[in-house]
Amino acid sequence: MNTPNTRTTTSGRIVALAFIALVVAGLGYLRFSSDAEPFSVPDGAKAGDLELTPCDYETESGRYAADCGALVVAEDATDPASRLIALPVTRIRAGSTDPGEPIFRLNGGPGQSNMDFLEASRFAENHDVVLVGYRGADGSVRLDCPEVESALQHSSDVLAEESLRAYNDAFRSC
């Protein structure tokens with residue numbers, strides 16, 4: 001007698017599926033999020049340089065005065081001799097003449113930007129709100145991993161051992 005082929009849903013499979021879904025969403029966001037030119041490293045720049053110019057930042061409650069620019073950092077934070085990259089920085093200025101401590105917002109997940117914060121107006125009346133772009137998602141160098149996209153597209157069962165091995169190999173290659 002043939003027994004039906006059933007799969008047990010384990011917490012490990014659920015976590016793996018959630019991780020894969022986050023990666024797919026992040027890669028999709030990177031591919032389709034922006035056609036704008038990324039930031040570039042100015043000639044003669046060194047790690048730690050920060051250049052800001054006045055700008056406006058759009059929030060759910062309208063535009064706020066801000067300072068926008070780029071922070072120059074080493075691509076490999078453990079190797080000061082590595083090439084330089086530029087990360088976007090935005091300081092949304094507090095509306096108060098006596099603002100409290102600045103708020104640094106860190107948001108996102110794999111491949112998501114840290115530069116979009118419509119709710120900044122909820123904090124910006126009494127605090128500067130600072131956004132710094134993430135390596136690989138914002139700025140002068142974006143991480144693009146066609147190997148991972150290919151592994152995901154060629155998988156019929158995203159939780160099968162063969163698929164998980166293919167994802168692991170693709171991430172290692174990327």
# chains A, B, ... in the order shown; residues from 1 in each chain; ligands from 1

call {"tool": "residues_around", "arguments": {"residues": "Arg172 in chain A", "least_positions_apart": "3", "cutoff": "12 Å", "atoms": "only C-alpha atoms", "output": "PyMOL selection string"}}
result
chain A and resi 145+147-148+165-169

call {"tool": "write_last_selection", "arguments": {"atoms": "N, CA and C atoms", "output": "CSV table (one decimal), in the first residue's frame"}}
result
chain,number,residue,atom,x,y,z
A,145,CYS,N,23.3,40.6,-7.1
A,145,CYS,CA,23.6,39.2,-7.0
A,145,CYS,C,22.7,38.4,-8.0
A,147,GLU,N,23.4,35.6,-9.3
A,147,GLU,CA,23.5,34.2,-8.9
A,147,GLU,C,22.3,33.8,-8.0
A,148,VAL,N,22.0,34.7,-7.0
A,148,VAL,CA,21.0,34.4,-6.0
A,148,VAL,C,19.6,34.4,-6.7
A,165,ARG,N,21.0,24.2,-0.8
A,165,ARG,CA,22.4,24.1,-1.2
A,165,ARG,C,22.7,25.1,-2.4
A,166,ALA,N,21.8,25.2,-3.3
A,166,ALA,CA,22.0,26.1,-4.4
A,166,ALA,C,22.0,27.6,-3.9
A,167,TYR,N,21.1,27.9,-3.0
A,167,TYR,CA,21.1,29.3,-2.4
A,167,TYR,C,22.4,29.6,-1.7
A,168,ASN,N,22.8,28.6,-0.9
A,168,ASN,CA,24.1,28.8,-0.2
A,168,ASN,C,25.3,29.0,-1.1
A,169,ASP,N,25.3,28.2,-2.2
A,169,ASP,CA,26.4,28.4,-3.2
A,169,ASP,C,26.3,29.8,-3.9

call {"tool": "atom_distance", "arguments": {"atom1": "CA of Thr53 in chain A", "atom2": "CA of Thr97 in chain A"}}
result
19.9 Å

call {"tool": "atom_distance", "arguments": {"atom1": "CA of Asp144 in chain A", "atom2": "CA of Leu84 in chain A"}}
result
18.0 Å

call {"tool": "residues_around", "arguments": {"residues": "Leu131 in chain A", "least_positions_apart": "6", "cutoff": "7 Å", "atoms": "only C-alpha atoms", "output": "PDB file with N, CA, C and O atoms, in the first residue's frame"}}
result
ATOM      1  N   VAL A  89      23.762  60.426   3.299  1.00  0.00           N
ATOM      2  CA  VAL A  89      23.432  60.866   4.649  1.00  0.00           C
ATOM      3  C   VAL A  89      22.414  61.990   4.530  1.00  0.00           C
ATOM      4  O   VAL A  89      22.573  62.888   3.706  1.00  0.00           O
ATOM      5  N   THR A  90      21.372  61.924   5.335  1.00  0.00           N
ATOM      6  CA  THR A  90      20.393  63.009   5.416  1.00  0.00           C
ATOM      7  C   THR A  90      20.165  63.336   6.885  1.00  0.00           C
ATOM      8  O   THR A  90      19.915  62.445   7.692  1.00  0.00           O
ATOM      9  N   ARG A  91      20.277  64.615   7.208  1.00  0.00           N
ATOM     10  CA  ARG A  91      19.932  65.097   8.552  1.00  0.00           C
ATOM     11  C   ARG A  91      18.699  65.967   8.398  1.00  0.00           C
ATOM     12  O   ARG A  91      18.746  67.042   7.818  1.00  0.00           O
ATOM     13  N   PHE A 104      19.020  58.658  15.375  1.00  0.00           N
ATOM     14  CA  PHE A 104      19.588  57.954  14.226  1.00  0.00           C
ATOM     15  C   PHE A 104      18.674  56.777  13.939  1.00  0.00           C
ATOM     16  O   PHE A 104      18.488  55.904  14.787  1.00  0.00           O
ATOM     17  N   ARG A 105      18.094  56.767  12.762  1.00  0.00           N
ATOM     18  CA  ARG A 105      17.159  55.704  12.412  1.00  0.00           C
ATOM     19  C   ARG A 105      17.885  54.610  11.654  1.00  0.00           C
ATOM     20  O   ARG A 105      18.589  54.878  10.682  1.00  0.00           O
ATOM     21  N   ASN A 114      17.793  52.496   3.905  1.00  0.00           N
ATOM     22  CA  ASN A 114      17.553  53.170   5.171  1.00  0.00           C
ATOM     23  C   ASN A 114      17.183  54.633   4.940  1.00  0.00           C
ATOM     24  O   ASN A 114      17.070  55.392   5.882  1.00  0.00           O
ATOM     25  N   MET A 115      17.002  55.046   3.683  1.00  0.00           N
ATOM     26  CA  MET A 115      16.874  56.462   3.365  1.00  0.00           C
ATOM     27  C   MET A 115      15.437  56.954   3.237  1.00  0.00           C
ATOM     28  O   MET A 115      15.214  58.151   3.112  1.00  0.00           O
TER      29      MET A 115
END

call {"tool": "select_by_dssp", "arguments": {"residues": "range 126-167 of chain A", "states": "alpha helix (DSSP H)", "output": "VMD selection string"}}
result
chain A and resid 146 to 153 161 to 167

call {"tool": "atom_distance", "arguments": {"atom1": "CA of Ile103 in chain A", "atom2": "CA of Tyr57 in chain A"}}
result
15.4 Å

call {"tool": "residues_around", "arguments": {"residues": "Arg63 in chain A", "least_positions_apart": "5", "cutoff": "10 Å", "atoms": "only C-alpha atoms", "output": "PDB file with all heavy atoms, in the first residue's frame"}}
result
ATOM      1  N   CYS A  55      18.941  70.837   1.752  1.00  0.00           N
ATOM      2  CA  CYS A  55      17.963  70.170   0.887  1.00  0.00           C
ATOM      3  C   CYS A  55      16.632  70.144   1.643  1.00  0.00           C
ATOM      4  O   CYS A  55      16.533  70.643   2.757  1.00  0.00           O
ATOM      5  CB  CYS A  55      18.420  68.758   0.527  1.00  0.00           C
ATOM      6  SG  CYS A  55      18.541  67.634   1.941  1.00  0.00           S
ATOM      7  N   ASP A  56      15.628  69.554   1.036  1.00  0.00           N
ATOM      8  CA  ASP A  56      14.338  69.330   1.680  1.00  0.00           C
ATOM      9  C   ASP A  56      14.108  67.833   1.766  1.00  0.00           C
ATOM     10  O   ASP A  56      14.569  67.069   0.913  1.00  0.00           O
ATOM     11  CB  ASP A  56      13.190  69.951   0.880  1.00  0.00           C
ATOM     12  CG  ASP A  56      13.197  71.472   0.939  1.00  0.00           C
ATOM     13  OD1 ASP A  56      13.579  72.016   1.986  1.00  0.00           O
ATOM     14  OD2 ASP A  56      12.829  72.100  -0.059  1.00  0.00           O
ATOM     15  N   TYR A  57      13.389  67.393   2.791  1.00  0.00           N
ATOM     16  CA  TYR A  57      13.054  65.991   2.953  1.00  0.00           C
ATOM     17  C   TYR A  57      11.546  65.870   3.068  1.00  0.00           C
ATOM     18  O   TYR A  57      10.923  66.507   3.917  1.00  0.00           O
ATOM     19  CB  TYR A  57      13.739  65.407   4.199  1.00  0.00           C
ATOM     20  CG  TYR A  57      13.651  63.910   4.237  1.00  0.00           C
ATOM     21  CD1 TYR A  57      14.596  63.121   3.586  1.00  0.00           C
ATOM     22  CD2 TYR A  57      12.614  63.271   4.908  1.00  0.00           C
ATOM     23  CE1 TYR A  57      14.511  61.747   3.605  1.00  0.00           C
ATOM     24  CE2 TYR A  57      12.520  61.896   4.933  1.00  0.00           C
ATOM     25  CZ  TYR A  57      13.466  61.132   4.279  1.00  0.00           C
ATOM     26  OH  TYR A  57      13.364  59.764   4.295  1.00  0.00           O
ATOM     27  N   GLU A  58      10.968  65.050   2.225  1.00  0.00           N
ATOM     28  CA  GLU A  58       9.514  64.858   2.184  1.00  0.00           C
ATOM     29  C   GLU A  58       9.087  63.861   3.254  1.00  0.00           C
ATOM     30  O   GLU A  58       9.635  62.766   3.348  1.00  0.00           O
ATOM     31  CB  GLU A  58       9.101  64.350   0.803  1.00  0.00           C
ATOM     32  CG  GLU A  58       7.597  64.246   0.606  1.00  0.00           C
ATOM     33  CD  GLU A  58       6.919  65.612   0.555  1.00  0.00           C
ATOM     34  OE1 GLU A  58       7.506  66.565   0.030  1.00  0.00           O
ATOM     35  OE2 GLU A  58       5.781  65.709   1.065  1.00  0.00           O
ATOM     36  N   ILE A  92      17.573  65.484   8.879  1.00  0.00           N
ATOM     37  CA  ILE A  92      16.332  66.249   8.847  1.00  0.00           C
ATOM     38  C   ILE A  92      16.368  67.158  10.068  1.00  0.00           C
ATOM     39  O   ILE A  92      16.460  66.681  11.205  1.00  0.00           O
ATOM     40  CB  ILE A  92      15.113  65.309   8.869  1.00  0.00           C
ATOM     41  CG1 ILE A  92      15.210  64.313   7.707  1.00  0.00           C
ATOM     42  CG2 ILE A  92      13.816  66.103   8.815  1.00  0.00           C
ATOM     43  CD1 ILE A  92      14.356  63.085   7.868  1.00  0.00           C
ATOM     44  N   LEU A 118       9.091  58.348   5.783  1.00  0.00           N
ATOM     45  CA  LEU A 118       7.988  59.305   5.716  1.00  0.00           C
ATOM     46  C   LEU A 118       7.534  59.750   7.097  1.00  0.00           C
ATOM     47  O   LEU A 118       7.072  60.875   7.282  1.00  0.00           O
ATOM     48  CB  LEU A 118       6.807  58.701   4.963  1.00  0.00           C
ATOM     49  CG  LEU A 118       6.976  58.551   3.452  1.00  0.00           C
ATOM     50  CD1 LEU A 118       5.772  57.844   2.846  1.00  0.00           C
ATOM     51  CD2 LEU A 118       7.175  59.912   2.817  1.00  0.00           C
ATOM     52  N   SER A 121       8.528  63.097  10.368  1.00  0.00           N
ATOM     53  CA  SER A 121       7.861  64.281  10.937  1.00  0.00           C
ATOM     54  C   SER A 121       7.353  64.020  12.353  1.00  0.00           C
ATOM     55  O   SER A 121       7.187  64.958  13.132  1.00  0.00           O
ATOM     56  CB  SER A 121       6.709  64.721  10.034  1.00  0.00           C
ATOM     57  OG  SER A 121       5.810  63.646   9.828  1.00  0.00           O
TER      58      SER A 121
END

call {"tool": "closest_residue", "arguments": {"among": "A:Ser140, A:Tyr64, A:Val72, A:Ser173", "to": "Gly44 in chain A", "atoms": "only C-alpha atoms"}}
result
A:Val72

call {"tool": "closest_residue", "arguments": {"among": "A:Asp138, A:Glu149, A:Asp79, A:Glu101", "to": "Asn126 in chain A", "atoms": "only C-alpha atoms"}}
result
A:Glu101

call {"tool": "select_by_dssp", "arguments": {"residues": "range 42-165 of chain A", "states": "strand (DSSP E or B)", "output": "NGL selection string"}}
result
:A and (50-59 or 62-74 or 84-92 or 103-105 or 129-132 or 136 or 142)
